[in-house]
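Reproduced below: final-v4.txt, with compact mmCIF, N, CA and C atoms.
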```txt
# COMPACT_ATOMS: atom_id res chain seq x y z
N MET A 1 0.85 -1.17 0.00
CA MET A 1 0.00 0.00 0.00
C MET A 1 0.89 1.24 0.00
N ILE A 2 0.42 2.27 -0.66
CA ILE A 2 1.13 3.53 -0.68
C ILE A 2 0.13 4.64 -0.39
N THR A 3 0.51 5.58 0.46
CA THR A 3 -0.33 6.72 0.79
C THR A 3 0.49 7.99 0.72
N PHE A 4 -0.19 9.08 0.39
CA PHE A 4 0.45 10.39 0.40
C PHE A 4 -0.61 11.48 0.35
N LYS A 5 -0.18 12.71 0.62
CA LYS A 5 -1.05 13.88 0.54
C LYS A 5 -0.56 14.77 -0.59
N VAL A 6 -1.50 15.38 -1.28
CA VAL A 6 -1.18 16.32 -2.35
C VAL A 6 -1.98 17.59 -2.08
N ASP A 7 -1.28 18.72 -2.00
CA ASP A 7 -1.99 19.97 -1.76
C ASP A 7 -1.94 20.92 -2.95
N ASN A 8 -1.23 20.51 -4.01
CA ASN A 8 -1.28 21.28 -5.25
C ASN A 8 -0.93 20.36 -6.41
N LEU A 9 -1.38 20.73 -7.57
CA LEU A 9 -1.24 19.85 -8.73
C LEU A 9 0.21 19.72 -9.20
N LYS A 10 1.07 20.68 -8.86
CA LYS A 10 2.47 20.59 -9.27
C LYS A 10 3.18 19.43 -8.58
N ASN A 11 2.81 19.15 -7.34
CA ASN A 11 3.45 18.06 -6.59
C ASN A 11 2.86 16.69 -6.92
N MET A 12 1.72 16.68 -7.57
CA MET A 12 1.02 15.43 -7.84
C MET A 12 1.84 14.46 -8.70
N ASN A 13 2.51 14.96 -9.72
CA ASN A 13 3.22 14.09 -10.65
C ASN A 13 4.32 13.29 -9.96
N VAL A 14 5.05 13.92 -9.06
CA VAL A 14 6.12 13.21 -8.34
C VAL A 14 5.52 12.10 -7.48
N GLN A 15 4.44 12.41 -6.77
CA GLN A 15 3.80 11.41 -5.92
C GLN A 15 3.24 10.25 -6.73
N LEU A 16 2.64 10.56 -7.88
CA LEU A 16 2.08 9.48 -8.70
C LEU A 16 3.18 8.64 -9.34
N GLY A 17 4.35 9.23 -9.53
CA GLY A 17 5.50 8.45 -9.99
C GLY A 17 5.87 7.38 -8.98
N ALA A 18 5.80 7.72 -7.70
CA ALA A 18 6.08 6.74 -6.65
C ALA A 18 5.03 5.63 -6.64
N PHE A 19 3.78 5.98 -6.91
CA PHE A 19 2.72 4.97 -6.98
C PHE A 19 2.97 4.03 -8.17
N ALA A 20 3.34 4.59 -9.31
CA ALA A 20 3.64 3.78 -10.49
C ALA A 20 4.81 2.83 -10.20
N ASP A 21 5.84 3.33 -9.52
CA ASP A 21 6.99 2.48 -9.15
C ASP A 21 6.55 1.34 -8.24
N PHE A 22 5.66 1.64 -7.30
CA PHE A 22 5.12 0.62 -6.40
C PHE A 22 4.41 -0.48 -7.19
N LEU A 23 3.59 -0.07 -8.15
CA LEU A 23 2.85 -1.05 -8.97
C LEU A 23 3.80 -1.89 -9.83
N ARG A 24 4.79 -1.24 -10.42
CA ARG A 24 5.77 -1.98 -11.24
C ARG A 24 6.54 -2.99 -10.39
N ALA A 25 6.86 -2.62 -9.16
CA ALA A 25 7.57 -3.53 -8.26
C ALA A 25 6.74 -4.76 -7.93
N GLN A 26 5.42 -4.63 -8.06
CA GLN A 26 4.52 -5.76 -7.83
C GLN A 26 4.28 -6.56 -9.11
N GLN A 27 5.05 -6.24 -10.16
CA GLN A 27 5.00 -6.95 -11.44
C GLN A 27 3.68 -6.74 -12.20
N LEU A 28 3.06 -5.58 -12.04
CA LEU A 28 1.84 -5.30 -12.79
C LEU A 28 2.17 -4.96 -14.24
N ALA A 29 1.24 -5.26 -15.12
CA ALA A 29 1.40 -4.97 -16.54
C ALA A 29 1.42 -3.45 -16.74
N ASP A 30 2.12 -3.03 -17.80
CA ASP A 30 2.22 -1.59 -18.11
C ASP A 30 0.84 -0.96 -18.26
N GLU A 31 -0.10 -1.68 -18.86
CA GLU A 31 -1.45 -1.15 -19.04
C GLU A 31 -2.11 -0.86 -17.69
N ASP A 32 -1.91 -1.74 -16.72
CA ASP A 32 -2.48 -1.54 -15.39
C ASP A 32 -1.86 -0.33 -14.70
N VAL A 33 -0.56 -0.18 -14.85
CA VAL A 33 0.14 0.98 -14.27
C VAL A 33 -0.38 2.26 -14.91
N PHE A 34 -0.51 2.27 -16.24
CA PHE A 34 -1.00 3.45 -16.95
C PHE A 34 -2.41 3.83 -16.49
N LEU A 35 -3.32 2.85 -16.48
CA LEU A 35 -4.70 3.14 -16.09
C LEU A 35 -4.79 3.60 -14.64
N SER A 36 -4.00 2.99 -13.76
CA SER A 36 -4.01 3.38 -12.35
C SER A 36 -3.52 4.81 -12.18
N ARG A 37 -2.49 5.16 -12.90
CA ARG A 37 -1.97 6.52 -12.80
C ARG A 37 -2.96 7.53 -13.40
N LEU A 38 -3.58 7.18 -14.51
CA LEU A 38 -4.58 8.04 -15.15
C LEU A 38 -5.75 8.30 -14.20
N VAL A 39 -6.30 7.24 -13.65
CA VAL A 39 -7.43 7.35 -12.72
C VAL A 39 -7.03 8.18 -11.49
N SER A 40 -5.86 7.91 -10.95
CA SER A 40 -5.39 8.64 -9.77
C SER A 40 -5.25 10.12 -10.06
N CYS A 41 -4.66 10.44 -11.19
CA CYS A 41 -4.48 11.83 -11.59
C CYS A 41 -5.82 12.55 -11.70
N GLU A 42 -6.78 11.93 -12.33
CA GLU A 42 -8.09 12.55 -12.52
C GLU A 42 -8.81 12.74 -11.18
N LEU A 43 -8.76 11.74 -10.31
CA LEU A 43 -9.42 11.87 -9.02
C LEU A 43 -8.79 12.97 -8.17
N ILE A 44 -7.47 12.96 -8.09
CA ILE A 44 -6.77 13.99 -7.30
C ILE A 44 -7.05 15.38 -7.87
N SER A 45 -6.97 15.53 -9.18
CA SER A 45 -7.23 16.83 -9.81
C SER A 45 -8.62 17.33 -9.49
N ASN A 46 -9.61 16.46 -9.57
CA ASN A 46 -10.98 16.87 -9.28
C ASN A 46 -11.16 17.26 -7.82
N VAL A 47 -10.56 16.52 -6.91
CA VAL A 47 -10.67 16.85 -5.49
C VAL A 47 -10.04 18.21 -5.21
N ILE A 48 -8.87 18.46 -5.76
CA ILE A 48 -8.21 19.74 -5.51
C ILE A 48 -8.94 20.89 -6.19
N ARG A 49 -9.35 20.69 -7.42
CA ARG A 49 -10.04 21.77 -8.15
C ARG A 49 -11.42 22.08 -7.58
N HIS A 50 -12.18 21.04 -7.24
CA HIS A 50 -13.55 21.26 -6.79
C HIS A 50 -13.68 21.33 -5.27
N GLY A 51 -12.72 20.75 -4.57
CA GLY A 51 -12.74 20.80 -3.12
C GLY A 51 -11.87 21.90 -2.57
N GLY A 52 -10.89 22.32 -3.38
CA GLY A 52 -10.05 23.43 -2.99
C GLY A 52 -9.08 23.15 -1.86
N ASP A 53 -8.82 21.90 -1.60
CA ASP A 53 -7.90 21.62 -0.50
C ASP A 53 -7.02 20.42 -0.80
N CYS A 54 -6.48 19.88 0.21
CA CYS A 54 -5.57 18.74 0.13
C CYS A 54 -6.32 17.46 -0.21
N ALA A 55 -5.70 16.63 -1.02
CA ALA A 55 -6.22 15.31 -1.34
C ALA A 55 -5.33 14.27 -0.66
N VAL A 56 -5.94 13.32 0.00
CA VAL A 56 -5.21 12.22 0.62
C VAL A 56 -5.41 11.00 -0.27
N PHE A 57 -4.31 10.40 -0.70
CA PHE A 57 -4.33 9.29 -1.66
C PHE A 57 -3.95 7.99 -0.97
N LYS A 58 -4.64 6.91 -1.35
CA LYS A 58 -4.25 5.56 -0.91
C LYS A 58 -4.42 4.63 -2.09
N GLY A 59 -3.36 3.93 -2.46
CA GLY A 59 -3.40 2.93 -3.51
C GLY A 59 -2.92 1.60 -2.98
N GLU A 60 -3.65 0.55 -3.32
CA GLU A 60 -3.25 -0.78 -2.83
C GLU A 60 -3.73 -1.87 -3.77
N LEU A 61 -3.10 -3.02 -3.64
CA LEU A 61 -3.51 -4.21 -4.40
C LEU A 61 -4.38 -5.07 -3.51
N LEU A 62 -5.53 -5.46 -4.05
CA LEU A 62 -6.46 -6.33 -3.33
C LEU A 62 -6.78 -7.50 -4.24
N GLY A 63 -5.97 -8.54 -4.16
CA GLY A 63 -6.18 -9.70 -5.03
C GLY A 63 -5.98 -9.33 -6.48
N ASP A 64 -7.04 -9.48 -7.28
CA ASP A 64 -6.94 -9.19 -8.71
C ASP A 64 -7.38 -7.76 -9.05
N LYS A 65 -7.47 -6.90 -8.02
CA LYS A 65 -7.91 -5.52 -8.22
C LYS A 65 -6.87 -4.54 -7.69
N ILE A 66 -6.88 -3.37 -8.29
CA ILE A 66 -6.11 -2.24 -7.78
C ILE A 66 -7.13 -1.29 -7.18
N SER A 67 -6.95 -0.95 -5.92
CA SER A 67 -7.86 -0.05 -5.24
C SER A 67 -7.21 1.32 -5.14
N ILE A 68 -7.95 2.35 -5.56
CA ILE A 68 -7.48 3.73 -5.50
C ILE A 68 -8.52 4.53 -4.74
N THR A 69 -8.09 5.16 -3.65
CA THR A 69 -8.98 5.98 -2.83
C THR A 69 -8.38 7.37 -2.68
N VAL A 70 -9.18 8.38 -2.97
CA VAL A 70 -8.75 9.76 -2.80
C VAL A 70 -9.78 10.42 -1.89
N THR A 71 -9.30 11.07 -0.84
CA THR A 71 -10.17 11.69 0.14
C THR A 71 -9.92 13.18 0.18
N ALA A 72 -11.01 13.94 0.21
CA ALA A 72 -10.94 15.40 0.36
C ALA A 72 -11.39 15.76 1.77
N ARG A 73 -10.62 16.58 2.43
CA ARG A 73 -11.02 17.02 3.77
C ARG A 73 -12.35 17.76 3.74
N SER A 74 -12.58 18.50 2.66
CA SER A 74 -13.79 19.31 2.56
C SER A 74 -15.01 18.51 2.09
N GLN A 75 -14.82 17.22 1.81
CA GLN A 75 -15.88 16.39 1.27
C GLN A 75 -16.45 17.03 0.01
N ALA A 76 -15.56 17.27 -0.94
CA ALA A 76 -15.91 17.95 -2.19
C ALA A 76 -17.16 17.34 -2.82
N ASN A 77 -18.04 18.19 -3.26
CA ASN A 77 -19.29 17.74 -3.89
C ASN A 77 -19.05 17.58 -5.38
N ILE A 78 -18.52 16.46 -5.77
CA ILE A 78 -18.20 16.17 -7.17
C ILE A 78 -19.29 15.29 -7.75
N ASN A 79 -19.83 15.69 -8.90
CA ASN A 79 -20.83 14.89 -9.59
C ASN A 79 -20.15 13.66 -10.17
N LEU A 80 -20.48 12.50 -9.64
CA LEU A 80 -19.80 11.26 -10.04
C LEU A 80 -20.42 10.63 -11.28
N ASN A 81 -21.51 11.19 -11.78
CA ASN A 81 -22.17 10.66 -12.97
C ASN A 81 -22.38 11.77 -13.99
N PRO A 82 -21.30 12.32 -14.48
CA PRO A 82 -21.46 13.44 -15.43
C PRO A 82 -22.02 12.96 -16.77
N ALA A 83 -22.60 13.91 -17.50
CA ALA A 83 -23.08 13.61 -18.84
C ALA A 83 -21.89 13.33 -19.75
N MET A 84 -22.14 12.64 -20.84
CA MET A 84 -21.07 12.38 -21.80
C MET A 84 -20.50 13.72 -22.26
N PRO A 85 -19.19 13.87 -22.18
CA PRO A 85 -18.59 15.15 -22.54
C PRO A 85 -18.62 15.39 -24.05
N ASP A 86 -18.65 16.66 -24.40
CA ASP A 86 -18.55 17.04 -25.79
C ASP A 86 -17.15 16.72 -26.28
N VAL A 87 -17.03 16.14 -27.43
CA VAL A 87 -15.74 15.72 -27.95
C VAL A 87 -14.80 16.91 -28.17
N PHE A 88 -15.34 18.11 -28.35
CA PHE A 88 -14.51 19.29 -28.59
C PHE A 88 -14.26 20.12 -27.35
N SER A 89 -14.82 19.73 -26.21
CA SER A 89 -14.62 20.52 -24.99
C SER A 89 -13.19 20.36 -24.49
N GLU A 90 -12.74 21.36 -23.76
CA GLU A 90 -11.37 21.33 -23.24
C GLU A 90 -11.28 20.67 -21.88
N GLY A 91 -12.37 20.27 -21.33
CA GLY A 91 -12.36 19.63 -20.02
C GLY A 91 -13.59 18.76 -19.86
N GLY A 92 -13.70 18.15 -18.68
CA GLY A 92 -14.89 17.38 -18.37
C GLY A 92 -14.85 15.93 -18.78
N ARG A 93 -13.70 15.46 -19.23
CA ARG A 93 -13.62 14.06 -19.67
C ARG A 93 -13.14 13.10 -18.58
N GLY A 94 -12.51 13.64 -17.55
CA GLY A 94 -11.86 12.81 -16.54
C GLY A 94 -12.75 11.80 -15.86
N LEU A 95 -13.87 12.24 -15.31
CA LEU A 95 -14.75 11.31 -14.60
C LEU A 95 -15.40 10.33 -15.56
N TYR A 96 -15.65 10.77 -16.77
CA TYR A 96 -16.19 9.86 -17.79
C TYR A 96 -15.18 8.74 -18.08
N ILE A 97 -13.92 9.09 -18.21
CA ILE A 97 -12.86 8.10 -18.46
C ILE A 97 -12.75 7.15 -17.27
N ILE A 98 -12.76 7.70 -16.06
CA ILE A 98 -12.66 6.86 -14.87
C ILE A 98 -13.79 5.85 -14.84
N ASN A 99 -15.01 6.30 -15.08
CA ASN A 99 -16.16 5.38 -15.09
C ASN A 99 -16.01 4.32 -16.17
N ALA A 100 -15.39 4.66 -17.28
CA ALA A 100 -15.23 3.71 -18.39
C ALA A 100 -14.19 2.63 -18.09
N VAL A 101 -13.14 2.95 -17.36
CA VAL A 101 -12.06 1.98 -17.15
C VAL A 101 -12.14 1.25 -15.81
N SER A 102 -12.98 1.73 -14.90
CA SER A 102 -13.05 1.09 -13.60
C SER A 102 -14.07 -0.04 -13.60
N MET A 103 -13.99 -0.87 -12.58
CA MET A 103 -14.87 -2.04 -12.49
C MET A 103 -16.32 -1.65 -12.22
N ASN A 104 -16.54 -0.74 -11.28
CA ASN A 104 -17.90 -0.38 -10.86
C ASN A 104 -18.13 1.12 -10.84
N GLY A 105 -17.35 1.86 -11.56
CA GLY A 105 -17.46 3.31 -11.50
C GLY A 105 -16.83 3.84 -10.22
N ILE A 106 -17.14 5.06 -9.92
CA ILE A 106 -16.59 5.72 -8.74
C ILE A 106 -17.57 5.55 -7.58
N GLU A 107 -17.04 5.08 -6.46
CA GLU A 107 -17.85 4.91 -5.26
C GLU A 107 -17.56 6.06 -4.32
N ARG A 108 -18.60 6.64 -3.75
CA ARG A 108 -18.42 7.70 -2.76
C ARG A 108 -18.56 7.08 -1.38
N GLY A 109 -17.54 7.28 -0.57
CA GLY A 109 -17.57 6.77 0.80
C GLY A 109 -17.86 7.88 1.78
N GLU A 110 -17.79 7.54 3.02
CA GLU A 110 -17.98 8.55 4.07
C GLU A 110 -16.77 9.46 4.14
N GLU A 111 -16.98 10.63 4.65
CA GLU A 111 -15.90 11.59 4.90
C GLU A 111 -15.13 11.99 3.64
N GLY A 112 -15.84 12.13 2.52
CA GLY A 112 -15.21 12.66 1.31
C GLY A 112 -14.39 11.69 0.49
N GLU A 113 -14.51 10.40 0.75
CA GLU A 113 -13.74 9.41 -0.01
C GLU A 113 -14.34 9.14 -1.38
N LEU A 114 -13.46 9.06 -2.37
CA LEU A 114 -13.82 8.60 -3.70
C LEU A 114 -12.97 7.37 -3.95
N ARG A 115 -13.60 6.24 -4.29
CA ARG A 115 -12.86 4.99 -4.43
C ARG A 115 -13.17 4.34 -5.77
N VAL A 116 -12.12 3.80 -6.37
CA VAL A 116 -12.22 3.15 -7.68
C VAL A 116 -11.46 1.83 -7.62
N PHE A 117 -12.01 0.81 -8.28
CA PHE A 117 -11.33 -0.47 -8.43
C PHE A 117 -11.03 -0.69 -9.90
N ILE A 118 -9.82 -1.10 -10.19
CA ILE A 118 -9.41 -1.43 -11.55
C ILE A 118 -9.02 -2.90 -11.58
N LYS A 119 -9.58 -3.64 -12.50
CA LYS A 119 -9.27 -5.07 -12.63
C LYS A 119 -7.89 -5.23 -13.25
N ARG A 120 -7.04 -6.01 -12.61
CA ARG A 120 -5.70 -6.29 -13.16
C ARG A 120 -5.81 -7.15 -14.40
N THR A 121 -4.95 -6.89 -15.38
CA THR A 121 -4.97 -7.69 -16.60
C THR A 121 -4.22 -9.01 -16.43
N LYS A 122 -3.32 -9.08 -15.49
CA LYS A 122 -2.56 -10.31 -15.26
C LYS A 122 -2.58 -10.69 -13.81
```
How does this structure look as C-alpha cells?
Amino acid sequence: MITFKVDNLKNMNVQLGAFADFLRAQQLADEDVFLSRLVSCELISNVIRHGGDCAVFKGELLGDKISITVTARSQANINLNPAMPDVFSEGGRGLYIINAVSMNGIERGEEGELRVFIKRTK
C-alpha cells in the first residue's frame, strides 16, 4: 500500500510516480500501471479543483484488483455521474474516463472518499 497527501497539482506528478513504481515492483502490466496513474491523476485533480484543498491518496492491491482511494477534507461535492462530454470541450472528460475503465465506476464513501477499483490484466 502507498499513501500520500497532495496539496497542489504541481506536486502530484512526483507522488504518482512513486505509486507507479510501487505497482511496477509488484509486477503489474504496463497497461495496469498506466490506467491506475490516469485514474489517480483525474481523481486527485478533481478533489483539488472542486474541493479546494488537500487530497489524501491511498493505492493498494487487493487480489486481482487495484484499489485507489482519494479523500478530500472538505468532502468535495463532485458529480460522479457526469453527462457524456462534448468531444470538442477542453475539459470534463476525466470522470467519464474513470467510469469507463473502472470495475464499478466511482464509489463515494464517508468523509469525502472517492474509491475506484481497476481489474488487473494479469
Between A:Leu9, A:Phe22, A:Arg37, A:Asp64, which has the minimum distance to Arg49 of chain A (counting all atoms listed in the file)? A:Leu9
Can you pull out the residues contacting segment 10-18 of chain A? Cut-off 8 Å, using all atoms listed in the file, and skip same-chain residues under 5 positions away; I want them as a CSV table (one decimal) with N, CA and C atoms, keeping the file's coordinate frame.
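Result file follows (result33.csv):
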```csv
chain,number,residue,atom,x,y,z
A,2,ILE,N,0.4,2.3,-0.7
A,2,ILE,CA,1.1,3.5,-0.7
A,2,ILE,C,0.1,4.6,-0.4
A,4,PHE,N,-0.2,9.1,0.4
A,4,PHE,CA,0.4,10.4,0.4
A,4,PHE,C,-0.6,11.5,0.4
A,5,LYS,N,-0.2,12.7,0.6
A,5,LYS,CA,-1.0,13.9,0.5
A,5,LYS,C,-0.6,14.8,-0.6
A,23,LEU,N,3.6,-0.1,-8.2
A,23,LEU,CA,2.8,-1.0,-9.0
A,23,LEU,C,3.8,-1.9,-9.8
A,24,ARG,N,4.8,-1.2,-10.4
A,24,ARG,CA,5.8,-2.0,-11.2
A,24,ARG,C,6.5,-3.0,-10.4
A,37,ARG,N,-2.5,5.2,-12.9
A,37,ARG,CA,-2.0,6.5,-12.8
A,37,ARG,C,-3.0,7.5,-13.4
A,40,SER,N,-5.9,7.9,-11.0
A,40,SER,CA,-5.4,8.6,-9.8
A,40,SER,C,-5.2,10.1,-10.1
A,41,CYS,N,-4.7,10.4,-11.2
A,41,CYS,CA,-4.5,11.8,-11.6
A,41,CYS,C,-5.8,12.6,-11.7
A,44,ILE,N,-7.5,13.0,-8.1
A,44,ILE,CA,-6.8,14.0,-7.3
A,44,ILE,C,-7.0,15.4,-7.9
```
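Those DNA, RNA and protein residues that approach the point (-8.7, 1.1, -10.3) to within 8 Å, considering only C-alpha atoms, are Leu35, Ser36, Val39, Lys65, Ile66, Ser67, Ile68, Val101, Ser102, Met103, Val116, Phe117, Ile118 and Lys119 of chain A.
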Generate a file of the selected residues that holds N, CA and C atoms, formatted as an mmCIF file, keeping the file's coordinate frame.
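So the final result, stored in selection_24.cif, reads:
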```
data_model
loop_
_atom_site.group_PDB
_atom_site.id
_atom_site.type_symbol
_atom_site.label_atom_id
_atom_site.label_comp_id
_atom_site.auth_asym_id
_atom_site.auth_seq_id
_atom_site.Cartn_x
_atom_site.Cartn_y
_atom_site.Cartn_z
ATOM 1 N N LEU A 35 -3.320 2.850 -16.480
ATOM 2 C CA LEU A 35 -4.700 3.140 -16.090
ATOM 3 C C LEU A 35 -4.790 3.600 -14.640
ATOM 4 N N SER A 36 -4.000 2.990 -13.760
ATOM 5 C CA SER A 36 -4.010 3.380 -12.350
ATOM 6 C C SER A 36 -3.520 4.810 -12.180
ATOM 7 N N VAL A 39 -6.300 7.240 -13.650
ATOM 8 C CA VAL A 39 -7.430 7.350 -12.720
ATOM 9 C C VAL A 39 -7.030 8.180 -11.490
ATOM 10 N N LYS A 65 -7.470 -6.900 -8.020
ATOM 11 C CA LYS A 65 -7.910 -5.520 -8.220
ATOM 12 C C LYS A 65 -6.870 -4.540 -7.690
ATOM 13 N N ILE A 66 -6.880 -3.370 -8.290
ATOM 14 C CA ILE A 66 -6.110 -2.240 -7.780
ATOM 15 C C ILE A 66 -7.130 -1.290 -7.180
ATOM 16 N N SER A 67 -6.950 -0.950 -5.920
ATOM 17 C CA SER A 67 -7.860 -0.050 -5.240
ATOM 18 C C SER A 67 -7.210 1.320 -5.140
ATOM 19 N N ILE A 68 -7.950 2.350 -5.560
ATOM 20 C CA ILE A 68 -7.480 3.730 -5.500
ATOM 21 C C ILE A 68 -8.520 4.530 -4.740
ATOM 22 N N VAL A 101 -13.140 2.950 -17.360
ATOM 23 C CA VAL A 101 -12.060 1.980 -17.150
ATOM 24 C C VAL A 101 -12.140 1.250 -15.810
ATOM 25 N N SER A 102 -12.980 1.730 -14.900
ATOM 26 C CA SER A 102 -13.050 1.090 -13.600
ATOM 27 C C SER A 102 -14.070 -0.040 -13.600
ATOM 28 N N MET A 103 -13.990 -0.870 -12.580
ATOM 29 C CA MET A 103 -14.870 -2.040 -12.490
ATOM 30 C C MET A 103 -16.320 -1.650 -12.220
ATOM 31 N N VAL A 116 -12.120 3.800 -6.370
ATOM 32 C CA VAL A 116 -12.220 3.150 -7.680
ATOM 33 C C VAL A 116 -11.460 1.830 -7.620
ATOM 34 N N PHE A 117 -12.010 0.810 -8.280
ATOM 35 C CA PHE A 117 -11.330 -0.470 -8.430
ATOM 36 C C PHE A 117 -11.030 -0.690 -9.900
ATOM 37 N N ILE A 118 -9.820 -1.100 -10.190
ATOM 38 C CA ILE A 118 -9.410 -1.430 -11.550
ATOM 39 C C ILE A 118 -9.020 -2.900 -11.580
ATOM 40 N N LYS A 119 -9.580 -3.640 -12.500
ATOM 41 C CA LYS A 119 -9.270 -5.070 -12.630
ATOM 42 C C LYS A 119 -7.890 -5.230 -13.250
#
```
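The space between atom CA of Glu111 of chain A and atom C of Gly94 of chain A spans 21.0 Å.
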Name the residues of chain A that fall into alpha helix (DSSP H) according to DSSP on the backbone, using the chain letters and numbers of this document, as a PyMOL selection string. chain A and resi 9-25+30-51+94-101
Which parts of chain A does DSSP call strand (DSSP E or B) when run on the backbone here, written out as an MDAnalysis selection string? chainID A and resid 2:6 55:62 65:72 107:108 113:119
Could the residues in this selection be written to a file with N, CA and C atoms, as a short mmCIF file (atom, residue, chain, number, x, y, z; two decimals), in the coordinates of the input?
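Saved file part-v1.cif follows:
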```cif
data_model
loop_
_atom_site.label_atom_id
_atom_site.label_comp_id
_atom_site.auth_asym_id
_atom_site.auth_seq_id
_atom_site.Cartn_x
_atom_site.Cartn_y
_atom_site.Cartn_z
N ILE A 2 0.42 2.27 -0.66
CA ILE A 2 1.13 3.53 -0.68
C ILE A 2 0.13 4.64 -0.39
N THR A 3 0.51 5.58 0.46
CA THR A 3 -0.33 6.72 0.79
C THR A 3 0.49 7.99 0.72
N PHE A 4 -0.19 9.08 0.39
CA PHE A 4 0.45 10.39 0.40
C PHE A 4 -0.61 11.48 0.35
N LYS A 5 -0.18 12.71 0.62
CA LYS A 5 -1.05 13.88 0.54
C LYS A 5 -0.56 14.77 -0.59
N VAL A 6 -1.50 15.38 -1.28
CA VAL A 6 -1.18 16.32 -2.35
C VAL A 6 -1.98 17.59 -2.08
N ALA A 55 -5.70 16.63 -1.02
CA ALA A 55 -6.22 15.31 -1.34
C ALA A 55 -5.33 14.27 -0.66
N VAL A 56 -5.94 13.32 0.00
CA VAL A 56 -5.21 12.22 0.62
C VAL A 56 -5.41 11.00 -0.27
N PHE A 57 -4.31 10.40 -0.70
CA PHE A 57 -4.33 9.29 -1.66
C PHE A 57 -3.95 7.99 -0.97
N LYS A 58 -4.64 6.91 -1.35
CA LYS A 58 -4.25 5.56 -0.91
C LYS A 58 -4.42 4.63 -2.09
N GLY A 59 -3.36 3.93 -2.46
CA GLY A 59 -3.40 2.93 -3.51
C GLY A 59 -2.92 1.60 -2.98
N GLU A 60 -3.65 0.55 -3.32
CA GLU A 60 -3.25 -0.78 -2.83
C GLU A 60 -3.73 -1.87 -3.77
N LEU A 61 -3.10 -3.02 -3.64
CA LEU A 61 -3.51 -4.21 -4.40
C LEU A 61 -4.38 -5.07 -3.51
N LEU A 62 -5.53 -5.46 -4.05
CA LEU A 62 -6.46 -6.33 -3.33
C LEU A 62 -6.78 -7.50 -4.24
N LYS A 65 -7.47 -6.90 -8.02
CA LYS A 65 -7.91 -5.52 -8.22
C LYS A 65 -6.87 -4.54 -7.69
N ILE A 66 -6.88 -3.37 -8.29
CA ILE A 66 -6.11 -2.24 -7.78
C ILE A 66 -7.13 -1.29 -7.18
N SER A 67 -6.95 -0.95 -5.92
CA SER A 67 -7.86 -0.05 -5.24
C SER A 67 -7.21 1.32 -5.14
N ILE A 68 -7.95 2.35 -5.56
CA ILE A 68 -7.48 3.73 -5.50
C ILE A 68 -8.52 4.53 -4.74
N THR A 69 -8.09 5.16 -3.65
CA THR A 69 -8.98 5.98 -2.83
C THR A 69 -8.38 7.37 -2.68
N VAL A 70 -9.18 8.38 -2.97
CA VAL A 70 -8.75 9.76 -2.80
C VAL A 70 -9.78 10.42 -1.89
N THR A 71 -9.30 11.07 -0.84
CA THR A 71 -10.17 11.69 0.14
C THR A 71 -9.92 13.18 0.18
N ALA A 72 -11.01 13.94 0.21
CA ALA A 72 -10.94 15.40 0.36
C ALA A 72 -11.39 15.76 1.77
N GLU A 107 -17.04 5.08 -6.46
CA GLU A 107 -17.85 4.91 -5.26
C GLU A 107 -17.56 6.06 -4.32
N ARG A 108 -18.60 6.64 -3.75
CA ARG A 108 -18.42 7.70 -2.76
C ARG A 108 -18.56 7.08 -1.38
N GLU A 113 -14.51 10.40 0.75
CA GLU A 113 -13.74 9.41 -0.01
C GLU A 113 -14.34 9.14 -1.38
N LEU A 114 -13.46 9.06 -2.37
CA LEU A 114 -13.82 8.60 -3.70
C LEU A 114 -12.97 7.37 -3.95
N ARG A 115 -13.60 6.24 -4.29
CA ARG A 115 -12.86 4.99 -4.43
C ARG A 115 -13.17 4.34 -5.77
N VAL A 116 -12.12 3.80 -6.37
CA VAL A 116 -12.22 3.15 -7.68
C VAL A 116 -11.46 1.83 -7.62
N PHE A 117 -12.01 0.81 -8.28
CA PHE A 117 -11.33 -0.47 -8.43
C PHE A 117 -11.03 -0.69 -9.90
N ILE A 118 -9.82 -1.10 -10.19
CA ILE A 118 -9.41 -1.43 -11.55
C ILE A 118 -9.02 -2.90 -11.58
N LYS A 119 -9.58 -3.64 -12.50
CA LYS A 119 -9.27 -5.07 -12.63
C LYS A 119 -7.89 -5.23 -13.25
#
```
Quick one, how far is atom CA of Asp7 of chain A from atom N of Ala55 of chain A? 5.0 Å
Enumerate, as a VMD selection string, the protein, DNA and RNA residues whose atoms approach (-2.9, -8.5, -14.7) to within 6.5 Å, taking into account all atoms listed in the file and the coordinate frame of the file. chain A and resid 28 to 29 119 to 122
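Proximity to Val70 of chain A was assessed for A:Ile106, A:Val6, A:Leu114, A:Ile97 counting only C-alpha atoms; the smallest distance is recorded for A:Leu114.
For the atom pair formed by atom CA of Ala72 of chain A and atom CA of Ile48 of chain A, the distance is 7.8 Å, given to one decimal.
Each of A:Leu61, A:Cys54, A:Ala20, A:Leu43 was compared to Ile98 of chain A using all atoms listed in the file, and A:Leu43 turns out to be the nearest.
Using only C-alpha atoms, the shortest contact distance between Thr69 of chain A and any of A:Asp86, A:Gly105, A:Ser45, A:Phe57 is found at A:Phe57.
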